[in-house]
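Undergrad: This is query-v4.cif, which holds mmCIF, C-alpha atoms, pLDDT in the B column; chains and numbers go by the auth columns:
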data_query
#
loop_
_atom_site.group_PDB
_atom_site.id
_atom_site.type_symbol
_atom_site.label_atom_id
_atom_site.label_comp_id
_atom_site.label_asym_id
_atom_site.label_seq_id
_atom_site.Cartn_x
_atom_site.Cartn_y
_atom_site.Cartn_z
_atom_site.B_iso_or_equiv
_atom_site.auth_seq_id
_atom_site.auth_asym_id
ATOM 1 C CA MET A 1 0.000 0.000 0.000 84.00 1 A
ATOM 2 C CA HIS A 2 1.264 3.474 -0.851 90.00 2 A
ATOM 3 C CA PRO A 3 2.509 5.228 2.335 94.00 3 A
ATOM 4 C CA ASP A 4 0.211 8.216 1.741 96.00 4 A
ATOM 5 C CA VAL A 5 -2.781 5.884 1.453 96.00 5 A
ATOM 6 C CA GLN A 6 -1.771 4.126 4.672 97.00 6 A
ATOM 7 C CA ALA A 7 -1.508 7.529 6.367 97.00 7 A
ATOM 8 C CA TYR A 8 -5.002 8.407 5.062 98.00 8 A
ATOM 9 C CA ASN A 9 -6.390 5.123 6.429 98.00 9 A
ATOM 10 C CA ASN A 10 -4.629 5.588 9.764 98.00 10 A
ATOM 11 C CA ASN A 11 -6.288 8.994 10.128 97.00 11 A
ATOM 12 C CA GLN A 12 -9.789 7.443 10.205 97.00 12 A
ATOM 13 C CA SER A 13 -11.808 6.141 13.161 96.00 13 A
ATOM 14 C CA PRO A 14 -11.087 2.468 14.016 96.00 14 A
ATOM 15 C CA GLU A 15 -14.107 1.124 12.069 97.00 15 A
ATOM 16 C CA GLU A 16 -13.502 3.434 9.096 97.00 16 A
ATOM 17 C CA LYS A 17 -9.824 2.425 9.110 97.00 17 A
ATOM 18 C CA ALA A 18 -10.865 -1.242 9.003 98.00 18 A
ATOM 19 C CA ILE A 19 -13.059 -0.527 5.956 98.00 19 A
ATOM 20 C CA CYS A 20 -10.323 1.497 4.233 98.00 20 A
ATOM 21 C CA ASP A 21 -7.633 -1.120 4.928 98.00 21 A
ATOM 22 C CA LEU A 22 -9.888 -3.873 3.577 98.00 22 A
ATOM 23 C CA LEU A 23 -10.728 -1.900 0.439 98.00 23 A
ATOM 24 C CA ALA A 24 -7.082 -0.963 -0.201 98.00 24 A
ATOM 25 C CA LYS A 25 -5.947 -4.581 0.235 97.00 25 A
ATOM 26 C CA GLU A 26 -8.594 -5.910 -2.166 98.00 26 A
ATOM 27 C CA ILE A 27 -7.998 -3.161 -4.739 98.00 27 A
ATOM 28 C CA ASP A 28 -4.217 -3.680 -4.629 97.00 28 A
ATOM 29 C CA ALA A 29 -4.683 -7.448 -5.092 97.00 29 A
ATOM 30 C CA ALA A 30 -7.098 -7.056 -8.021 97.00 30 A
ATOM 31 C CA LEU A 31 -5.229 -4.199 -9.746 97.00 31 A
ATOM 32 C CA PRO A 32 -1.528 -4.852 -9.014 97.00 32 A
ATOM 33 C CA ASP A 33 -0.379 -2.775 -11.998 95.00 33 A
ATOM 34 C CA ALA A 34 -2.489 0.256 -11.062 96.00 34 A
ATOM 35 C CA GLU A 35 -0.875 3.472 -9.881 96.00 35 A
ATOM 36 C CA ASN A 36 -2.130 4.323 -6.396 96.00 36 A
ATOM 37 C CA LYS A 37 -1.941 7.789 -4.861 96.00 37 A
ATOM 38 C CA ILE A 38 -3.821 10.431 -2.953 97.00 38 A
ATOM 39 C CA TRP A 39 -5.751 12.465 -5.524 95.00 39 A
ATOM 40 C CA HIS A 40 -8.018 15.343 -4.501 94.00 40 A
ATOM 41 C CA ALA A 41 -7.347 14.310 -0.865 96.00 41 A
ATOM 42 C CA HIS A 42 -8.541 10.671 -1.320 97.00 42 A
ATOM 43 C CA PRO A 43 -6.948 7.319 -2.263 98.00 43 A
ATOM 44 C CA VAL A 44 -7.419 6.606 -5.975 98.00 44 A
ATOM 45 C CA TRP A 45 -6.126 3.878 -8.304 98.00 45 A
ATOM 46 C CA PHE A 46 -5.307 4.656 -11.941 96.00 46 A
ATOM 47 C CA LEU A 47 -4.769 2.449 -14.980 95.00 47 A
ATOM 48 C CA ALA A 48 -2.714 4.156 -17.716 91.00 48 A
ATOM 49 C CA GLY A 49 -3.377 7.503 -16.035 92.00 49 A
ATOM 50 C CA ASN A 50 -7.147 6.996 -15.963 92.00 50 A
ATOM 51 C CA PRO A 51 -8.873 6.940 -12.535 95.00 51 A
ATOM 52 C CA VAL A 52 -10.818 3.708 -12.054 96.00 52 A
ATOM 53 C CA VAL A 53 -11.526 3.260 -8.329 98.00 53 A
ATOM 54 C CA GLY A 54 -11.074 5.078 -5.057 98.00 54 A
ATOM 55 C CA TYR A 55 -12.629 5.667 -1.684 98.00 55 A
ATOM 56 C CA SER A 56 -13.319 8.586 0.589 98.00 56 A
ATOM 57 C CA LYS A 57 -14.671 9.386 4.030 97.00 57 A
ATOM 58 C CA LEU A 58 -18.102 10.989 4.016 95.00 58 A
ATOM 59 C CA LYS A 59 -20.276 12.034 6.935 91.00 59 A
ATOM 60 C CA GLY A 60 -22.113 8.709 6.894 86.00 60 A
ATOM 61 C CA GLY A 61 -19.189 6.324 6.357 95.00 61 A
ATOM 62 C CA ILE A 62 -16.814 5.332 3.574 98.00 62 A
ATOM 63 C CA ARG A 63 -17.744 5.717 -0.089 98.00 63 A
ATOM 64 C CA LEU A 64 -16.200 3.328 -2.615 98.00 64 A
ATOM 65 C CA LEU A 65 -16.321 4.979 -6.045 98.00 65 A
ATOM 66 C CA PHE A 66 -15.894 3.428 -9.476 98.00 66 A
ATOM 67 C CA TRP A 67 -15.437 6.097 -12.145 95.00 67 A
ATOM 68 C CA SER A 68 -17.032 3.889 -14.826 95.00 68 A
ATOM 69 C CA GLY A 69 -19.330 2.010 -12.438 96.00 69 A
ATOM 70 C CA GLN A 70 -22.642 2.875 -14.092 96.00 70 A
ATOM 71 C CA SER A 71 -21.527 0.741 -17.035 95.00 71 A
ATOM 72 C CA PHE A 72 -20.956 -2.307 -14.788 96.00 72 A
ATOM 73 C CA ASP A 73 -24.706 -3.107 -14.616 93.00 73 A
ATOM 74 C CA GLU A 74 -24.468 -4.020 -10.930 96.00 74 A
ATOM 75 C CA ALA A 75 -27.382 -3.718 -8.506 92.00 75 A
ATOM 76 C CA GLY A 76 -25.010 -3.148 -5.562 95.00 76 A
ATOM 77 C CA LEU A 77 -23.695 0.113 -7.021 97.00 77 A
ATOM 78 C CA GLN A 78 -25.635 3.372 -6.988 96.00 78 A
ATOM 79 C CA LYS A 79 -25.372 6.130 -9.603 95.00 79 A
ATOM 80 C CA GLU A 80 -23.125 9.003 -8.520 93.00 80 A
ATOM 81 C CA GLY A 81 -22.927 12.332 -10.305 85.00 81 A
ATOM 82 C CA SER A 82 -23.711 13.253 -13.884 78.00 82 A
ATOM 83 C CA PHE A 83 -21.050 11.165 -15.661 88.00 83 A
ATOM 84 C CA LYS A 84 -20.535 7.376 -15.451 92.00 84 A
ATOM 85 C CA ALA A 85 -19.533 6.937 -11.786 95.00 85 A
ATOM 86 C CA ALA A 86 -21.223 4.610 -9.316 97.00 86 A
ATOM 87 C CA GLU A 87 -20.666 4.029 -5.628 98.00 87 A
ATOM 88 C CA ALA A 88 -21.196 1.760 -2.651 98.00 88 A
ATOM 89 C CA ARG A 89 -21.175 3.063 0.935 97.00 89 A
ATOM 90 C CA TYR A 90 -20.097 1.298 4.097 98.00 90 A
ATOM 91 C CA ILE A 91 -20.339 2.051 7.798 97.00 91 A
ATOM 92 C CA GLU A 92 -18.950 -1.327 8.952 96.00 92 A
ATOM 93 C CA SER A 93 -16.252 -3.503 7.408 96.00 93 A
ATOM 94 C CA LYS A 94 -18.548 -6.545 7.563 96.00 94 A
ATOM 95 C CA GLN A 95 -20.797 -4.823 4.983 97.00 95 A
ATOM 96 C CA VAL A 96 -18.092 -5.190 2.327 97.00 96 A
ATOM 97 C CA ASN A 97 -18.981 -8.216 0.212 97.00 97 A
ATOM 98 C CA LYS A 98 -15.595 -9.391 -1.074 97.00 98 A
ATOM 99 C CA THR A 99 -17.145 -11.465 -3.864 97.00 99 A
ATOM 100 C CA ASP A 100 -18.999 -8.433 -5.204 98.00 100 A
ATOM 101 C CA LEU A 101 -15.944 -6.232 -4.726 98.00 101 A
ATOM 102 C CA LYS A 102 -13.696 -8.605 -6.700 98.00 102 A
ATOM 103 C CA ARG A 103 -16.245 -8.737 -9.534 98.00 103 A
ATOM 104 C CA TRP A 104 -16.531 -4.921 -9.570 98.00 104 A
ATOM 105 C CA LEU A 105 -12.747 -4.557 -9.625 98.00 105 A
ATOM 106 C CA LYS A 106 -12.501 -6.912 -12.612 97.00 106 A
ATOM 107 C CA LYS A 107 -15.102 -4.769 -14.374 97.00 107 A
ATOM 108 C CA ALA A 108 -13.142 -1.633 -13.406 96.00 108 A
ATOM 109 C CA ARG A 109 -10.254 -3.017 -15.454 95.00 109 A
ATOM 110 C CA ASP A 110 -12.405 -4.231 -18.340 94.00 110 A
ATOM 111 C CA ILE A 111 -14.869 -1.311 -18.619 92.00 111 A
ATOM 112 C CA GLN A 112 -13.385 2.165 -18.681 87.00 112 A
ATOM 113 C CA TRP A 113 -14.465 5.616 -19.768 71.00 113 A
ATOM 114 C CA ASP A 114 -11.710 8.133 -20.523 74.00 114 A
ATOM 115 C CA TYR A 115 -11.723 10.470 -17.527 71.00 115 A
ATOM 116 C CA LYS A 116 -8.066 11.319 -18.073 73.00 116 A
ATOM 117 C CA ASN A 117 -8.972 13.462 -21.108 70.00 117 A
ATOM 118 C CA ILE A 118 -12.385 14.769 -20.004 67.00 118 A
ATOM 119 C CA VAL A 119 -11.152 18.370 -19.651 65.00 119 A
ATOM 120 C CA LYS A 120 -9.484 18.280 -23.063 71.00 120 A
ATOM 121 C CA ARG A 121 -12.761 17.001 -24.545 65.00 121 A
ATOM 122 C CA LYS A 122 -14.774 19.712 -22.753 67.00 122 A
ATOM 123 C CA GLY A 123 -16.708 17.310 -20.529 65.00 123 A
ATOM 124 C CA VAL A 124 -17.354 14.634 -23.148 63.00 124 A
ATOM 125 C CA LEU A 125 -16.548 11.072 -22.073 64.00 125 A
ATOM 126 C CA GLU A 126 -15.421 8.447 -24.574 72.00 126 A
ATOM 127 C CA ARG A 127 -15.394 4.731 -23.910 71.00 127 A
ATOM 128 C CA LEU A 128 -11.911 3.199 -23.720 73.00 128 A
ATOM 129 C CA LYS A 129 -12.851 -0.422 -23.102 65.00 129 A
#
Would you write the structure of this file as structure tokens?
TA:
Amino acid sequence: MHPDVQAYNNNQSPEEKAICDLLAKEIDAALPDAENKIWHAHPVWFLAGNPVVGYSKLKGGIRLLFWSGQSFDEAGLQKEGSFKAAEARYIESKQVNKTDLKRWLKKARDIQWDYKNIVKRKGVLERLK
């Protein structure tokens, strides 16, 4: 795990830290070639410079965000924002279904929209995979 991500996780409450550590471990295992860093103050994983998954602390727990998640066709993910992102939220680590998470992470690799160039394209997303 990237030291900055570990520092982020360590800065959470004990239950939130447990969720963050679990998510980071599963994401690292599923996307070993992804670049991992703190981006806009939250842990994010990138494939070829394109953000694919990350998590953040919200008032009501931890939000797991998939940038292309609306294209995954998964009931466990909720639409987030006006682009293609989808999320799951957790308040306890036992809520994280590892089977679902592994499937979502595989889809995060296989289904991607080009967020890396969204500014250059003036807000227009193009499908990469």
Undergrad: Which value, in Å to one decimal, gives the distance between atom CA of Ile111 of chain A and atom CA of Lys17 of chain A?
TA: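 Atom CA of Lys17 of chain A lies at a distance of 28.4 Å from atom CA of Ile111 of chain A.
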Undergrad: Show me, as a PyMOL selection string, the residues that have an atom within 8 Å of Ala85 of chain A when counting all atoms listed in the file, minus same-chain residues fewer than 3 positions from it.
TA: chain A and resi 65-70+79-82
Undergrad: Return the padded bounding box of segment 77-91 of chain A as lines of an AutoDock Vina configuration file: axis-aligned, built from all atoms listed in the file, 5 Å added on each side, with centre and edge lengths in Å to one decimal.
TA:
center_x = -22.6
center_y = 6.7
center_z = -3.9
size_x = 16.1
size_y = 23.1
size_z = 33.5
Undergrad: Convert the output of the PyMOL selection byres ((chain A and resi 76) around 9) on the shown file into explicit residues, formatted as an MDAnalysis selection string.
TA: chainID A and resid 74:75 77:78 87:88 100
Undergrad: So which one's closest to Leu23 of chain A, A:Ile38, A:Val96, A:Leu47, A:Ala86? Using all atoms listed in the file, please.
TA: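 Checking each candidate against Leu23 of chain A, we get A:Val96 as the closest.
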